[in-house]
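Student: For reference, this is model.cif, and it has mmCIF, C-alpha atoms.
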```cif
data_coords
loop_
_atom_site.label_atom_id
_atom_site.label_comp_id
_atom_site.auth_asym_id
_atom_site.auth_seq_id
_atom_site.Cartn_x
_atom_site.Cartn_y
_atom_site.Cartn_z
CA MET S 77 98.18 107.59 119.38
CA LYS S 78 95.60 104.92 120.10
CA ILE S 79 94.36 102.50 117.45
CA THR S 80 91.66 99.84 117.57
CA LEU S 81 91.45 97.00 115.09
CA ASN S 82 90.36 93.42 114.68
CA LEU S 83 93.43 91.19 114.52
CA ASN S 84 92.73 87.56 113.61
CA GLY S 85 89.21 87.76 115.03
CA GLN S 86 90.13 89.59 118.22
CA GLU S 87 89.41 93.26 118.88
CA ILE S 88 92.48 95.04 120.24
CA THR S 89 93.31 98.61 121.21
CA LYS S 90 96.92 99.74 121.52
CA ASP S 91 98.90 102.93 121.94
CA ILE S 92 101.40 103.27 119.09
CA GLU S 93 103.83 105.75 117.65
CA PRO S 94 102.47 107.42 114.49
CA ASP S 95 105.35 106.11 112.36
CA LEU S 96 105.06 102.44 113.45
CA LEU S 97 104.94 100.07 110.49
CA LEU S 98 102.21 97.45 110.41
CA ILE S 99 104.82 94.64 110.27
CA ASP S 100 106.36 95.81 113.56
CA PHE S 101 102.95 96.20 115.17
CA LEU S 102 101.90 92.68 114.13
CA ARG S 103 105.12 91.02 115.26
CA ALA S 104 104.78 92.81 118.63
CA GLN S 105 101.34 91.14 118.91
CA GLY S 106 102.92 87.70 118.39
CA CYS S 107 102.19 87.33 114.67
CA TYR S 108 105.54 85.81 113.74
CA SER S 109 104.34 84.44 110.40
CA VAL S 110 104.72 88.02 109.18
CA LYS S 111 108.34 88.00 108.06
CA ARG S 112 110.76 90.83 107.49
CA GLY S 113 112.60 90.28 104.23
CA CYS S 114 113.49 93.26 102.11
CA ASP S 115 111.77 96.27 103.75
CA THR S 116 111.30 97.61 100.22
CA SER S 117 108.00 95.96 99.17
CA ASN S 118 109.73 93.54 96.81
CA CYS S 119 109.65 90.09 98.43
CA GLY S 120 106.08 89.42 99.68
CA LEU S 121 107.24 87.88 102.98
CA CYS S 122 105.29 90.40 105.04
CA THR S 123 101.94 89.92 103.23
CA VAL S 124 98.83 90.17 105.40
CA LEU S 125 95.17 90.74 104.61
CA LEU S 126 94.02 94.24 105.51
CA ASN S 127 90.27 94.51 105.09
CA ASP S 128 90.37 91.33 102.97
CA ARG S 129 93.01 92.67 100.57
CA PRO S 130 96.65 91.51 100.53
CA VAL S 131 99.07 94.27 101.54
CA LEU S 132 102.78 94.38 102.22
CA SER S 133 102.92 95.22 105.92
CA CYS S 134 106.47 96.60 105.63
CA SER S 135 105.03 99.43 103.52
CA VAL S 136 101.91 100.27 105.52
CA LEU S 137 101.72 102.32 108.68
CA ALA S 138 99.90 100.55 111.51
CA VAL S 139 97.54 103.50 111.83
CA ARG S 140 96.11 102.57 108.38
CA ALA S 141 94.66 99.45 110.02
CA CYS S 142 92.73 101.51 112.59
CA ASN S 143 89.07 100.45 112.66
CA GLY S 144 89.86 97.72 110.14
CA THR S 145 90.48 94.00 110.07
CA VAL S 146 93.89 92.37 109.77
CA LEU S 147 94.38 88.66 109.11
CA THR S 148 97.72 86.94 109.37
CA LEU S 149 98.54 83.30 108.86
CA GLU S 150 97.98 82.78 112.59
CA GLY S 151 94.32 83.68 112.03
CA LEU S 152 93.93 81.43 108.98
CA GLN S 153 95.26 78.14 110.31
CA GLU S 154 92.27 76.06 109.19
CA GLU S 155 92.55 77.23 105.57
CA ALA S 156 96.35 77.34 105.56
CA LYS S 157 97.10 73.85 106.87
CA PRO S 158 95.92 71.89 103.80
CA LEU S 159 97.47 74.48 101.47
CA ALA S 160 100.82 74.11 103.25
CA THR S 161 100.55 70.33 102.89
CA PHE S 162 100.02 70.61 99.14
CA ILE S 163 102.94 73.04 98.74
CA ALA S 164 105.22 70.78 100.81
CA SER S 165 104.15 67.70 98.82
CA GLN S 166 105.63 69.33 95.73
CA GLY S 167 109.01 69.96 97.36
CA ALA S 168 108.37 73.69 97.34
CA GLU S 169 108.96 74.19 101.06
CA GLN S 170 112.71 73.91 101.10
CA CYS S 171 113.49 76.54 103.72
CA GLY S 172 109.89 77.63 104.33
CA PHE S 173 110.71 81.30 104.82
CA CYS S 174 108.62 82.47 101.85
CA ASN S 175 105.63 80.21 102.54
CA PRO S 176 103.58 82.59 104.71
CA GLY S 177 103.56 85.21 101.95
CA PHE S 178 102.70 82.63 99.28
CA MET S 179 99.91 81.22 101.42
CA MET S 180 98.43 84.62 102.31
CA ASN S 181 98.38 85.67 98.66
CA THR S 182 96.95 82.32 97.54
CA LEU S 183 94.14 82.49 100.11
CA ALA S 184 93.38 86.08 99.03
CA LEU S 185 93.38 85.03 95.37
CA LEU S 186 90.98 82.17 96.01
CA LYS S 187 88.61 84.46 97.86
CA GLU S 188 88.58 86.76 94.84
CA LYS S 189 88.77 84.08 92.13
CA PRO S 190 87.83 80.58 93.33
CA ASN S 191 88.79 79.02 89.99
CA PRO S 192 91.86 80.93 88.76
CA THR S 193 93.82 80.13 85.61
CA ASP S 194 97.55 79.43 85.78
CA GLU S 195 98.20 82.95 84.51
CA GLU S 196 95.98 84.49 87.20
CA ILE S 197 97.81 82.49 89.87
CA LYS S 198 101.20 83.60 88.53
CA GLU S 199 100.05 87.23 88.32
CA PHE S 200 98.72 87.23 91.89
CA LEU S 201 101.93 85.65 93.23
CA ALA S 202 104.34 87.73 91.13
CA GLY S 203 105.55 89.76 94.14
CA ASN S 204 106.60 86.73 96.20
CA LEU S 205 110.31 86.04 96.27
CA CYS S 206 111.62 82.51 96.81
CA ARG S 207 115.34 81.88 96.62
CA CYS S 208 115.11 78.07 96.98
CA SER S 209 112.80 76.98 94.18
CA GLY S 210 111.86 77.72 90.61
CA TYR S 211 108.26 78.51 91.62
CA GLU S 212 106.90 75.52 89.71
CA GLY S 213 106.55 73.51 92.93
CA GLN S 214 104.48 76.28 94.51
CA LEU S 215 102.33 76.47 91.40
CA ARG S 216 101.76 72.69 91.39
CA GLY S 217 100.94 72.77 95.11
CA ILE S 218 98.48 75.62 94.69
CA LYS S 219 96.80 73.89 91.74
CA GLY S 220 96.57 70.69 93.80
CA TYR S 221 94.97 72.65 96.64
CA ILE S 222 92.44 74.20 94.24
CA ALA S 223 91.56 70.73 92.92
CA TYR S 224 91.16 69.52 96.52
CA LEU S 225 88.79 72.41 97.28
CA LYS S 226 86.68 71.58 94.24
CA GLU S 227 86.61 67.90 95.16
CA GLU S 228 85.67 68.59 98.75
CA GLY S 229 83.20 71.34 97.87
CA ASN S 230 85.06 73.67 100.22
CA HIS S 231 84.84 77.43 99.79
CA HIS S 232 86.61 80.37 101.36
CA GLU S 233 83.66 82.28 102.74
CA SER S 234 85.29 82.09 106.18
CA ILE S 235 88.35 84.12 105.16
#
```
Here is the file; what I need is its structure written in the form of structure tokens.
Tutor:
Amino acid sequence: MKITLNLNGQEITKDIEPDLLLIDFLRAQGCYSVKRGCDTSNCGLCTVLLNDRPVLSCSVLAVRACNGTVLTLEGLQEEAKPLATFIASQGAEQCGFCNPGFMMNTLALLKEKPNPTDEEIKEFLAGNLCRCSGYEGQLRGIKGYIAYLKEEGNHHESI
């Protein structure tokens, strides 16, 4: 079957099998920030934005993205770079494997709630598994990034 979608700002049309998962489709397009972790929707490593909403790409068929918009970390480099710096500054990037999922969910959260409380941040990130840290470093990094955005007057209209 043929699908057409906007992937990171670029319109693409591909022939796919009807049972192809979105994670496999995206990785075949060179989106290697989309990680395979659990294949059971429990770790958050495969998080992407589908029509501006975070989804676990290991649990979504690629055909669901037809005529839609998919954003991966590759398409959000400008927004993601300072966020990654803040997370790393808190020692929360030990192995880095979980960071794409954390960053995708954080960017989605900030689009929805530009000034979230600690509880809202924790709730939004609850599905992200990190085996290296106690999550406090990520929380401090995210809060530092939010403070930076306020200070700089930056907003996420471009996401």
Student: If the PyMOL selection byres ((chain S and resi 166-170) around 7) were run on this exact file, what residues would it hold? Put them as a PyMOL selection string.
Tutor: chain S and resi 162-165+171-172+208-209+213-214+216-217
Student: From the options S:Leu225, S:Cys134, S:Cys119, S:Met77, which residue's atoms come nearest to Asn204 in chain S, counting all atoms listed in the file?
Tutor: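 Under the stated criterion, the closest residue is S:Cys119.
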Student: Name the residues that the PyMOL selection byres ((chain S and resi 129) around 10) picks from the file above, as a list in words, using the file's chain letters and numbers.
Tutor: Thr123, Val124, Leu125, Leu126, Asn127, Asp128, Pro130, Val131, Thr145, Val146, Leu147, Met180, Asn181, Ala184, Leu185, Lys187 and Glu188 of chain S
Student: Neighbours of range 195-199 of chain S within 9 Å (all atoms listed in the file; same-chain residues fewer than 6 positions away dropped), as a PyMOL selection string?
Tutor: chain S and resi 182+185+189+215+218-219
Student: Using all atoms listed in the file, which residues of range 124-162 of chain S come within 7 Å of range 98-103 of chain S, and what is the closest atom pair for each, with the distance in Å to one decimal? Give it as a tab-separated table, sorted by chain and residue number.
Tutor:
```
residue	atom	partner	partner_atom	distance
S:Ser133	CA	S:Ile99	CA	4.8
S:Cys134	CA	S:Ile99	CA	5.3
S:Val136	CA	S:Leu98	CA	5.7
S:Leu137	CA	S:Leu98	CA	5.2
S:Ala138	CA	S:Leu98	CA	4.0
```
Student: Hey, which bits of range 103-198 of chain S sit within 8 Å of range 80-87 of chain S, and for each residue what's the closest pair of atoms and how far apart in Å (one decimal), counting only C-alpha atoms, rows by chain and increasing number, as a tab-separated table?
Tutor:
```
residue	atom	partner	partner_atom	distance
S:Ala141	CA	S:Leu81	CA	6.5
S:Cys142	CA	S:Leu81	CA	5.3
S:Asn143	CA	S:Leu81	CA	4.8
S:Gly144	CA	S:Leu81	CA	5.2
S:Thr145	CA	S:Asn82	CA	4.6
S:Val146	CA	S:Leu83	CA	4.9
S:Leu147	CA	S:Asn84	CA	4.9
S:Thr148	CA	S:Asn84	CA	6.6
S:Glu150	CA	S:Asn84	CA	7.2
S:Gly151	CA	S:Asn84	CA	4.5
S:Leu152	CA	S:Asn84	CA	7.8
```
Student: To one decimal place, how far is CA of Pro176 in chain S from CA of Lys111 in chain S in Å?
Tutor: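 Calculated distance between CA of Pro176 in chain S and CA of Lys111 in chain S is 7.9 Å.
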Student: Which one of S:Lys78, S:Ser117, S:Leu186, S:Tyr108 sits closest to Leu149 in chain S if you count only C-alpha atoms?
Tutor: S:Tyr108
Student: Between CA of Met179 in chain S and CA of Lys90 in chain S, what is the spacing in Å?
Tutor: 27.5 Å
Student: Have a look at CA of Gly120 in chain S and CA of Gly203 in chain S and let me know their distance in Å, one decimal.
Tutor: 5.6 Å
Student: Can you list, as a ChimeraX atom specification, every protein, DNA or RNA residue that comes within 9 Å of Leu205 in chain S when you count only C-alpha atoms, leaving out same-chain residues fewer than 5 positions away?
Tutor: /S:118-121,174,177-178
Student: When distances are computed from all atoms listed in the file, which of S:Leu183, S:Val139, S:Cys206, S:Leu159 shows the smallest separation from Tyr224 in chain S?
Tutor: S:Leu159
